[in-house]
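input_8.cif follows; it contains mmCIF, C-alpha atoms.
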data_work
#
loop_
_atom_site.label_atom_id
_atom_site.label_comp_id
_atom_site.auth_asym_id
_atom_site.auth_seq_id
_atom_site.Cartn_x
_atom_site.Cartn_y
_atom_site.Cartn_z
CA MET A 8 -45.40 21.34 21.87
CA ALA A 9 -45.58 23.62 18.88
CA PRO A 10 -46.70 22.19 15.55
CA PRO A 11 -43.88 21.50 13.07
CA VAL A 12 -42.92 24.32 10.72
CA ALA A 13 -43.30 23.75 6.97
CA VAL A 14 -39.90 23.36 5.33
CA SER A 15 -39.19 25.50 2.29
CA PRO A 16 -39.22 23.64 -1.07
CA LEU A 17 -35.82 25.16 -1.79
CA ILE A 18 -34.37 23.58 1.37
CA LYS A 19 -36.01 20.23 0.56
CA THR A 20 -34.55 20.34 -2.95
CA ALA A 21 -31.12 21.25 -1.60
CA ARG A 22 -31.22 18.37 0.90
CA TRP A 23 -32.24 15.80 -1.72
CA SER A 24 -29.64 17.14 -4.14
CA ALA A 25 -26.92 16.87 -1.50
CA LEU A 26 -28.02 13.33 -0.68
CA LEU A 27 -27.99 12.22 -4.31
CA LEU A 28 -24.66 13.92 -5.00
CA GLY A 29 -23.20 12.20 -1.94
CA VAL A 30 -24.41 8.80 -3.14
CA PHE A 31 -23.00 9.48 -6.61
CA TYR A 32 -19.66 10.64 -5.17
CA GLY A 33 -19.49 7.60 -2.89
CA LYS A 34 -20.05 5.21 -5.79
CA GLN A 35 -17.41 6.95 -7.91
CA ARG A 36 -14.92 6.93 -5.05
CA PHE A 37 -15.60 3.26 -4.30
CA GLU A 38 -15.03 2.32 -7.95
CA TYR A 39 -11.78 4.30 -7.91
CA LEU A 40 -10.46 2.68 -4.71
CA LYS A 41 -11.64 -0.88 -5.41
CA PRO A 42 -8.78 -1.92 -7.76
CA ILE A 43 -6.19 -0.24 -5.52
CA ALA A 44 -7.44 -2.22 -2.52
CA ALA A 45 -7.45 -5.44 -4.56
CA GLU A 46 -3.82 -4.89 -5.52
CA GLU A 47 -2.91 -4.17 -1.89
CA ARG A 48 -4.59 -7.43 -0.83
CA LYS A 49 -2.57 -9.36 -3.44
CA VAL A 50 0.68 -7.82 -2.21
CA GLU A 51 -0.26 -8.52 1.42
CA GLU A 52 -1.04 -12.14 0.58
CA ALA A 53 2.32 -12.57 -1.18
CA GLU A 54 4.13 -11.00 1.78
CA LYS A 55 2.23 -13.23 4.20
CA LYS A 56 3.20 -16.37 2.25
CA ALA A 57 6.85 -15.31 2.19
CA ARG A 58 6.81 -14.51 5.93
CA GLU A 59 5.16 -17.86 6.76
CA GLU A 60 7.74 -19.67 4.62
CA GLN A 61 10.59 -17.90 6.44
CA GLU A 62 9.04 -18.74 9.81
CA ARG A 63 8.67 -22.39 8.78
CA ILE A 64 12.31 -22.56 7.69
CA ALA A 65 13.47 -20.88 10.91
CA LYS A 66 11.42 -23.34 12.95
CA GLU A 67 12.89 -26.32 11.06
CA LEU A 68 16.41 -24.99 11.59
CA ALA A 69 15.76 -24.45 15.30
CA GLU A 70 14.41 -27.99 15.64
CA ALA A 71 17.38 -29.38 13.72
CA ASN A 72 19.80 -27.46 15.96
CA SER A 73 18.05 -28.61 19.12
CA ASP A 74 18.11 -32.22 17.89
CA THR A 75 21.88 -32.10 17.24
CA ILE A 76 22.55 -30.52 20.62
CA LEU A 77 20.56 -33.21 22.46
CA LYS A 78 22.44 -36.07 20.78
#

Any chance you could put this one into structure tokens?
Amino acid sequence: MAPPVAVSPLIKTARWSALLLGVFYGKQRFEYLKPIAAEERKVEEAEKKAREEQERIAKELAEANSDTILK
């Protein structure tokens, strides 16, 4: 195997710069999306509660109907 080639300082600097810029961008993007996701979770939770309530009511009505039919 051939010995490794020395990497140019310019390339090393460019790689580290790209890495740090990517980390910075990721943090900024996360902070931007975090409140949006929190709001979506709140809406989902409210929709889930409403759906569960409707399912519970439908189940109670179905049981009540089946009880009256059996009598």

Range 43-47 of chain A, all listed atoms, 3 Å padding on each side: what axis-aligned box centre and edge lengths in Å to one decimal come out, as lines of an AutoDock Vina configuration file?
center_x = -5.2
center_y = -2.8
center_z = -3.7
size_x = 10.5
size_y = 11.2
size_z = 9.6

Could you tell me how far CA of Glu60 in chain A sits from CA of Pro42 in chain A, in Å to one decimal place?
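One can read the CA of Pro42 in chain A to CA of Glu60 in chain A distance as 27.2 Å.
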
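A straight line drawn from CA of Gln61 in chain A to CA of Ala45 in chain A is 24.5 Å long.
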
Could you work out how far CA of Ile43 in chain A lies from CA of Arg58 in chain A, giving the answer in Å with one decimal?
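According to the coordinates, CA of Arg58 in chain A and CA of Ile43 in chain A are separated by 22.4 Å.
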